[in-house]
file structure37.cif (mmCIF, C-alpha atoms and all ligand atoms)
data_my_file
loop_
_atom_site.label_atom_id
_atom_site.label_comp_id
_atom_site.auth_asym_id
_atom_site.auth_seq_id
_atom_site.Cartn_x
_atom_site.Cartn_y
_atom_site.Cartn_z
CA MET A 1 80.87 31.16 -110.35
CA ARG A 2 78.80 29.12 -112.81
CA PRO A 3 79.31 25.47 -113.77
CA LYS A 4 80.57 26.54 -117.19
CA ASP A 5 83.43 28.38 -115.47
CA LEU A 6 84.71 24.97 -114.41
CA ALA A 7 84.94 23.68 -117.99
CA THR A 8 88.35 23.00 -119.53
CA GLU A 9 89.57 22.87 -123.10
CA ALA A 10 90.40 19.16 -122.91
CA THR A 11 88.65 17.04 -125.54
CA ASN A 12 86.20 14.65 -123.91
CA THR A 13 86.94 11.07 -125.01
CA TRP A 14 84.23 9.20 -123.06
CA CYS A 15 81.90 7.09 -125.24
CA PRO A 16 78.49 8.56 -126.11
CA GLY A 17 75.98 7.62 -123.41
CA CYS A 18 78.66 6.95 -120.76
CA GLY A 19 77.45 7.47 -117.19
CA ASN A 20 80.61 9.44 -116.42
CA PHE A 21 78.96 12.45 -118.08
CA ALA A 22 76.26 12.50 -115.39
CA ILE A 23 78.85 12.51 -112.61
CA LEU A 24 80.74 15.35 -114.32
CA ASN A 25 77.53 17.30 -114.92
CA ALA A 26 76.41 16.82 -111.32
CA ILE A 27 79.69 17.69 -109.59
CA LYS A 28 80.32 20.92 -111.51
CA PRO A 29 77.17 22.77 -110.33
CA VAL A 30 77.72 21.49 -106.80
CA LEU A 31 81.27 22.86 -106.75
CA ALA A 32 80.11 26.13 -108.36
CA ASP A 33 77.32 26.55 -105.78
CA LEU A 34 79.58 25.77 -102.83
CA ASP A 35 82.05 28.36 -104.11
CA GLU A 36 79.30 30.98 -104.66
CA GLU A 37 77.93 30.38 -101.17
CA GLY A 38 81.40 30.82 -99.68
CA LEU A 39 81.23 27.33 -98.13
CA VAL A 40 84.04 25.78 -100.20
CA PRO A 41 86.09 28.20 -102.30
CA ILE A 42 87.12 26.49 -105.53
CA GLU A 43 90.81 27.29 -104.95
CA LYS A 44 90.61 25.14 -101.80
CA VAL A 45 89.31 22.11 -103.70
CA VAL A 46 91.61 19.28 -104.78
CA LEU A 47 90.31 16.50 -107.01
CA VAL A 48 92.15 13.18 -106.91
CA SER A 49 91.52 10.53 -109.54
CA GLY A 50 92.73 6.98 -110.06
CA ILE A 51 93.27 4.96 -113.23
CA GLY A 52 90.43 4.06 -115.58
CA CYS A 53 87.85 5.84 -117.74
CA HIS A 54 86.59 7.74 -114.68
CA ALA A 55 90.00 9.30 -114.07
CA LYS A 56 89.67 11.65 -117.03
CA ILE A 57 87.18 13.67 -114.96
CA ALA A 58 90.21 15.48 -113.55
CA ASP A 59 90.95 16.76 -117.07
CA TYR A 60 87.44 18.09 -117.51
CA ILE A 61 87.11 20.23 -114.36
CA ASN A 62 89.05 23.44 -113.97
CA ALA A 63 90.22 22.88 -110.39
CA ASN A 64 93.36 21.64 -108.62
CA SER A 65 93.78 17.96 -109.35
CA PHE A 66 96.10 15.00 -108.91
CA TYR A 67 96.16 11.86 -111.07
CA THR A 68 97.31 8.97 -108.92
CA ILE A 69 98.41 5.45 -109.80
CA HIS A 70 95.95 2.56 -109.82
CA GLY A 71 93.97 2.15 -106.60
CA ARG A 72 95.80 4.90 -104.72
CA THR A 73 93.34 7.78 -104.58
CA ILE A 74 92.68 7.39 -100.83
CA PRO A 75 96.29 7.49 -99.55
CA VAL A 76 97.13 10.44 -101.80
CA ALA A 77 93.97 12.29 -100.73
CA THR A 78 94.73 11.48 -97.09
CA GLY A 79 98.23 12.93 -97.42
CA ILE A 80 96.91 16.10 -99.04
CA LYS A 81 94.29 16.56 -96.32
CA LEU A 82 96.72 15.96 -93.46
CA ALA A 83 99.32 18.29 -94.96
CA ASN A 84 96.76 21.07 -95.41
CA PRO A 85 93.52 20.57 -93.43
CA ASP A 86 92.05 23.72 -95.05
CA LEU A 87 91.64 21.86 -98.33
CA THR A 88 88.50 20.01 -99.44
CA VAL A 89 89.69 16.80 -101.07
CA ILE A 90 87.44 14.77 -103.39
CA CYS A 91 88.50 11.39 -104.79
CA PHE A 92 87.07 9.95 -107.99
CA ALA A 93 87.76 6.25 -108.38
CA GLY A 94 86.48 3.35 -110.45
CA ASP A 95 85.13 0.07 -109.06
CA GLY A 96 88.07 -1.87 -110.49
CA ASP A 97 90.35 0.83 -109.17
CA ILE A 98 89.16 1.03 -105.58
CA TYR A 99 87.31 -2.25 -104.84
CA ALA A 100 90.16 -4.39 -106.22
CA GLU A 101 93.60 -2.76 -106.36
CA GLY A 102 92.90 -0.14 -103.69
CA LEU A 103 90.46 -1.95 -101.39
CA ASP A 104 92.63 -1.87 -98.28
CA HIS A 105 93.07 1.89 -98.61
CA LEU A 106 89.31 2.36 -98.87
CA ILE A 107 88.70 0.31 -95.71
CA PHE A 108 91.31 2.21 -93.72
CA GLY A 109 90.13 5.58 -95.05
CA ALA A 110 86.69 4.77 -93.63
CA LYS A 111 88.06 3.24 -90.43
CA ARG A 112 90.16 6.34 -89.70
CA ASN A 113 87.32 8.66 -90.75
CA VAL A 114 89.65 10.80 -92.84
CA ASP A 115 87.81 14.00 -93.80
CA ILE A 116 87.70 13.40 -97.55
CA THR A 117 85.00 12.43 -100.07
CA ALA A 118 85.24 9.29 -102.21
CA ILE A 119 82.97 9.16 -105.28
CA ILE A 120 83.06 5.76 -106.95
CA HIS A 121 82.21 5.43 -110.65
CA ASP A 122 80.87 1.91 -110.21
CA ASN A 123 80.17 0.62 -113.74
CA ARG A 124 80.83 -2.96 -112.61
CA VAL A 125 83.27 -3.62 -115.44
CA TYR A 126 86.81 -2.64 -116.47
CA GLY A 127 85.82 -0.27 -119.30
CA LEU A 128 89.22 1.17 -120.22
CA THR A 129 90.63 -2.31 -120.85
CA THR A 130 87.50 -3.31 -122.81
CA GLY A 131 85.32 -5.39 -120.54
CA GLN A 132 86.80 -7.60 -117.82
CA TYR A 133 84.90 -8.35 -114.59
CA THR A 134 85.43 -6.31 -111.42
CA PRO A 135 84.53 -6.98 -107.75
CA THR A 136 80.99 -5.62 -108.30
CA SER A 137 80.22 -7.48 -111.56
CA PRO A 138 77.18 -9.73 -111.05
CA SER A 139 77.30 -13.53 -111.07
CA GLY A 140 77.14 -14.87 -114.60
CA PHE A 141 78.74 -11.74 -116.08
CA LYS A 142 80.23 -12.59 -119.47
CA GLY A 143 83.25 -10.46 -120.28
CA ARG A 144 86.61 -10.85 -121.94
CA SER A 145 88.12 -12.67 -118.98
CA THR A 146 84.98 -14.67 -118.16
CA PRO A 147 83.46 -15.79 -121.48
CA GLY A 148 81.69 -18.68 -119.75
CA GLY A 149 80.16 -16.39 -117.11
CA LEU A 150 81.50 -15.18 -113.78
CA GLU A 151 81.12 -17.77 -111.03
CA VAL A 152 81.62 -15.63 -107.94
CA PRO A 153 79.05 -13.25 -106.42
CA PRO A 154 79.69 -9.49 -106.28
CA LEU A 155 80.83 -7.42 -103.35
CA ASN A 156 78.27 -5.14 -101.69
CA PRO A 157 80.44 -2.05 -101.15
CA LEU A 158 77.92 -0.29 -98.92
CA GLU A 159 77.88 -3.12 -96.41
CA LEU A 160 81.66 -3.25 -96.50
CA LEU A 161 81.91 0.46 -95.78
CA SER A 162 79.49 0.18 -92.91
CA ALA A 163 81.53 -2.67 -91.42
CA SER A 164 84.63 -0.50 -91.85
CA GLY A 165 83.14 2.31 -89.77
CA GLY A 166 82.15 4.69 -92.60
CA THR A 167 80.37 7.81 -91.33
CA PHE A 168 78.65 8.80 -94.59
CA ILE A 169 77.46 6.05 -96.94
CA ALA A 170 75.37 6.73 -100.03
CA ARG A 171 74.41 5.27 -103.40
CA GLY A 172 73.62 7.31 -106.53
CA TYR A 173 72.83 6.53 -110.16
CA SER A 174 74.15 8.14 -113.33
CA HIS A 175 70.64 8.89 -114.59
CA GLY A 176 68.66 11.45 -112.62
CA ILE A 177 71.04 14.26 -111.92
CA ASP A 178 69.09 16.06 -109.16
CA LEU A 179 69.48 13.26 -106.63
CA LEU A 180 73.14 12.87 -107.57
CA LYS A 181 73.76 16.59 -106.95
CA GLU A 182 72.00 16.41 -103.59
CA ILE A 183 74.12 13.42 -102.52
CA PHE A 184 77.39 14.98 -103.70
CA ARG A 185 76.68 18.23 -101.85
CA SER A 186 75.90 16.42 -98.58
CA ALA A 187 78.97 14.20 -99.00
CA ILE A 188 81.33 17.12 -99.53
CA LEU A 189 79.91 19.05 -96.56
CA HIS A 190 80.07 16.02 -94.24
CA GLN A 191 82.93 16.25 -91.74
CA GLY A 192 84.59 12.87 -92.04
CA PHE A 193 84.93 10.10 -94.59
CA SER A 194 82.14 10.35 -97.17
CA PHE A 195 81.55 7.42 -99.49
CA VAL A 196 79.27 7.58 -102.53
CA ASP A 197 78.89 4.52 -104.76
CA VAL A 198 77.47 5.74 -108.08
CA LEU A 199 75.90 3.14 -110.36
CA GLN A 200 77.63 4.59 -113.41
CA VAL A 201 76.61 2.84 -116.58
CA CYS A 202 79.28 1.80 -119.06
CA ALA A 203 77.30 2.22 -122.26
CA THR A 204 79.84 0.27 -124.31
CA PHE A 205 80.81 -2.81 -122.29
CA PHE A 206 78.02 -3.28 -119.74
CA ASN A 207 74.93 -1.27 -120.55
CA LEU A 208 72.61 -1.54 -117.55
CA TYR A 209 70.38 1.50 -118.22
CA ASP A 210 67.23 -0.57 -118.86
CA HIS A 211 67.95 -2.85 -115.90
CA TYR A 212 68.50 0.05 -113.49
CA ASN A 213 65.70 2.25 -114.84
CA GLN A 214 63.20 -0.46 -113.96
CA ARG A 215 64.55 -0.97 -110.45
CA VAL A 216 65.98 2.21 -108.89
CA ARG A 217 63.94 4.20 -106.37
CA PRO A 218 64.90 6.89 -103.86
CA LEU A 219 65.14 5.94 -100.17
CA GLU A 220 62.02 7.37 -98.57
CA GLY A 221 61.15 7.83 -94.91
CA HIS A 222 64.57 6.54 -93.95
CA ASP A 223 66.44 7.85 -90.89
CA PRO A 224 70.14 7.87 -91.90
CA THR A 225 71.26 8.11 -88.27
CA ASP A 226 69.85 4.65 -87.51
CA ARG A 227 72.69 2.27 -88.29
CA VAL A 228 70.69 -0.94 -87.91
CA LYS A 229 68.00 0.27 -90.32
CA ALA A 230 70.67 1.64 -92.67
CA GLU A 231 72.33 -1.77 -92.88
CA GLU A 232 68.97 -3.41 -93.55
CA LYS A 233 68.45 -0.99 -96.44
CA MET A 234 71.96 -1.68 -97.74
CA ARG A 235 71.12 -5.39 -97.85
CA GLU A 236 67.86 -4.86 -99.75
CA TRP A 237 69.87 -5.09 -102.94
CA ASP A 238 73.11 -7.08 -102.90
CA TYR A 239 74.39 -6.09 -106.38
CA ASP A 240 73.31 -9.53 -107.61
CA SER A 241 69.57 -9.86 -107.03
CA ASP A 242 66.72 -8.70 -109.21
CA GLY A 243 64.89 -6.56 -106.63
CA THR A 244 64.49 -2.80 -106.35
CA ILE A 245 67.59 -0.67 -105.83
CA PRO A 246 67.40 2.06 -103.16
CA LEU A 247 69.26 5.32 -103.84
CA GLY A 248 70.22 8.06 -101.41
CA VAL A 249 72.07 8.55 -98.13
CA PHE A 250 71.87 5.31 -96.13
CA TYR A 251 73.95 6.30 -93.13
CA LYS A 252 75.35 9.49 -91.67
CA LYS A 253 77.04 10.03 -88.34
CA ASP A 254 79.04 12.86 -86.76
CA ALA A 255 82.38 11.66 -85.38
CA PRO A 256 85.88 13.12 -84.93
CA SER A 257 87.89 12.79 -88.11
CA PHE A 258 91.44 11.49 -88.42
CA GLY A 259 92.59 14.98 -89.37
CA ASP A 260 91.24 16.41 -86.09
CA ASN A 261 92.97 13.73 -84.05
CA PHE A 262 96.15 14.12 -86.03
CA SER A 263 96.27 17.89 -85.49
CA GLU A 264 95.54 17.52 -81.76
CA GLN A 265 98.22 14.86 -81.43
CA ASN A 266 100.69 17.07 -83.31
CA GLN A 267 99.87 19.98 -81.02
CA ARG A 268 100.39 17.79 -77.94
CA GLU A 269 103.77 16.68 -79.28
CA ILE A 270 104.74 20.29 -80.04
CA ASP A 271 103.70 21.31 -76.50
CA ILE A 272 105.76 18.49 -74.98
CA GLU A 273 108.81 19.38 -77.12
CA ASP A 274 108.40 23.01 -76.11
CA ALA A 275 108.25 22.14 -72.42
CA ILE A 276 111.35 19.92 -72.70
CA SER A 277 113.39 22.59 -74.47
CA LYS A 278 112.34 25.24 -71.92
CA THR A 279 113.40 22.93 -69.07
CA LEU A 280 116.71 22.20 -70.76
CA GLU A 281 117.34 25.92 -71.33
CA ARG A 282 116.87 26.49 -67.61
CA TYR A 283 119.52 23.93 -66.59
CA ILE A 284 122.09 24.08 -69.42
FE1 LIG B 301 82.32 5.08 -120.36
FE2 LIG B 301 82.45 2.45 -120.73
FE3 LIG B 301 83.20 4.11 -122.67
FE4 LIG B 301 84.67 3.87 -120.47
S1 LIG B 301 84.30 2.26 -121.98
S2 LIG B 301 84.13 5.79 -121.48
S3 LIG B 301 83.10 3.58 -118.89
S4 LIG B 301 81.12 3.89 -121.83
#
call {"tool": "encode", "arguments": {"input": "structure37.cif", "output": "structure tokens", "more": "lines below"}}
Ligand code: SF4
result
Amino acid sequence: MRPKDLATEATNTWCPGCGNFAILNAIKPVLADLDEEGLVPIEKVVLVSGIGCHAKIADYINANSFYTIHGRTIPVATGIKLANPDLTVICFAGDGDIYAEGLDHLIFGAKRNVDITAIIHDNRVYGLTTGQYTPTSPSGFKGRSTPGGLEVPPLNPLELLSASGGTFIARGYSHGIDLLKEIFRSAILHQGFSFVDVLQVCATFFNLYDHYNQRVRPLEGHDPTDRVKAEEKMREWDYDSDGTIPLGVFYKKDAPSFGDNFSEQNQREIDIEDAISKTLERYI
């Protein structure tokens, strides 16, 4: 399979220069490679998207997909994974979608270590509704709902995910596709809840290309199994300061996933029910 085999006939309606193109162009070769290598057959992949500009990605990839309602990618993906653990489930969500409306689901997805991947198109603005602030918009952000400038500081989603027990936490950028592909591949292959915050530039309502290009740098010499160091790295840039912005996998840990526990628990219950019915058969 080649990436072009994953193309669809849907007309792409993203604005020219939108960072969503980079996410689309990074995920397609990753999915094609995983299929070619026999690691993740494409028919076993389910893409789940939320509401917002990002969500159209489901229209542009020729794979099983599910459009959810606003903020509900994680519970839908969790249900799909628990119903059929053989599937590889990948959520695409926006920052307004998952850090506002769906924040509790994100926290519990990480806390339970559900074996799914969440890729966040974090453009730090509501693009589809033409430019309101989101939980990751920086202080002072002037948008349609904050013409005088936003007065509250942004959320640092990486720190939040670490506090929630996330077992794979990464940050990418929608410019520089090789690193994005590397991160997506590791996230999909990770057994457990994988979280990737992608600094995805909204070229129309919050164009941060120049700002990011001057500040991003890959994480180097970092041990992603060291949680204390990982959290220090996550705090190096708090989505509001003017310093450099590290990109890459901050934290990675092997741990049993919710799906494993769920299946084991189900099996235990089936065994108990079986034993009870056999006992009853003997005496009735
Ligand atoms: Fe992309 Fe922004 Fe246009 Fe939406 S409004 S398609 S996020 S550039």
call {"tool": "atom_distance", "arguments": {"input": "structure37.cif", "atom1": "CA of Ile116 in chain A", "atom2": "CA of Ala10 in chain A"}}
result
26.1 Å
call {"tool": "residues_around", "arguments": {"input": "structure37.cif", "residues": "Ile51 in chain A", "least_positions_apart": "2", "cutoff": "7 Å", "atoms": "all atoms listed in the file", "output": "list in words"}}
result
Ser49, Ala55, Ile69, His70 and Asp97 of chain A
call {"tool": "atom_distance", "arguments": {"input": "structure37.cif", "atom1": "CA of Thr73 in chain A", "atom2": "CA of Gly50 in chain A"}}
result
5.6 Å
call {"tool": "closest_residue", "arguments": {"input": "structure37.cif", "among": "A:Asp95, A:Asp104, A:Glu236, A:Asp242", "to": "His121 in chain A", "atoms": "all atoms listed in the file"}}
result
A:Asp95
call {"tool": "residues_near_ligand", "arguments": {"input": "structure37.cif", "ligand": "ligand LIG 301 (chain B)", "cutoff": "10 Å", "atoms": "only C-alpha atoms and all ligand atoms", "output": "CSV table (one decimal) with C-alpha atoms, in the frame of the given file"}}
result
chain,number,residue,atom,x,y,z
A,12,ASN,CA,86.2,14.6,-123.9
A,13,THR,CA,86.9,11.1,-125.0
A,14,TRP,CA,84.2,9.2,-123.1
A,15,CYS,CA,81.9,7.1,-125.2
A,16,PRO,CA,78.5,8.6,-126.1
A,17,GLY,CA,76.0,7.6,-123.4
A,18,CYS,CA,78.7,7.0,-120.8
A,19,GLY,CA,77.4,7.5,-117.2
A,20,ASN,CA,80.6,9.4,-116.4
A,21,PHE,CA,79.0,12.4,-118.1
A,52,GLY,CA,90.4,4.1,-115.6
A,53,CYS,CA,87.8,5.8,-117.7
A,54,HIS,CA,86.6,7.7,-114.7
A,55,ALA,CA,90.0,9.3,-114.1
A,56,LYS,CA,89.7,11.6,-117.0
A,94,GLY,CA,86.5,3.4,-110.4
A,121,HIS,CA,82.2,5.4,-110.6
A,122,ASP,CA,80.9,1.9,-110.2
A,123,ASN,CA,80.2,0.6,-113.7
A,124,ARG,CA,80.8,-3.0,-112.6
A,125,VAL,CA,83.3,-3.6,-115.4
A,126,TYR,CA,86.8,-2.6,-116.5
A,127,GLY,CA,85.8,-0.3,-119.3
A,128,LEU,CA,89.2,1.2,-120.2
A,129,THR,CA,90.6,-2.3,-120.8
A,130,THR,CA,87.5,-3.3,-122.8
A,131,GLY,CA,85.3,-5.4,-120.5
A,200,GLN,CA,77.6,4.6,-113.4
A,201,VAL,CA,76.6,2.8,-116.6
A,202,CYS,CA,79.3,1.8,-119.1
A,203,ALA,CA,77.3,2.2,-122.3
A,204,THR,CA,79.8,0.3,-124.3
A,205,PHE,CA,80.8,-2.8,-122.3
A,206,PHE,CA,78.0,-3.3,-119.7
A,207,ASN,CA,74.9,-1.3,-120.6
call {"tool": "atom_distance", "arguments": {"input": "structure37.cif", "atom1": "CA of Val45 in chain A", "atom2": "CA of Tyr251 in chain A"}}
result
24.4 Å
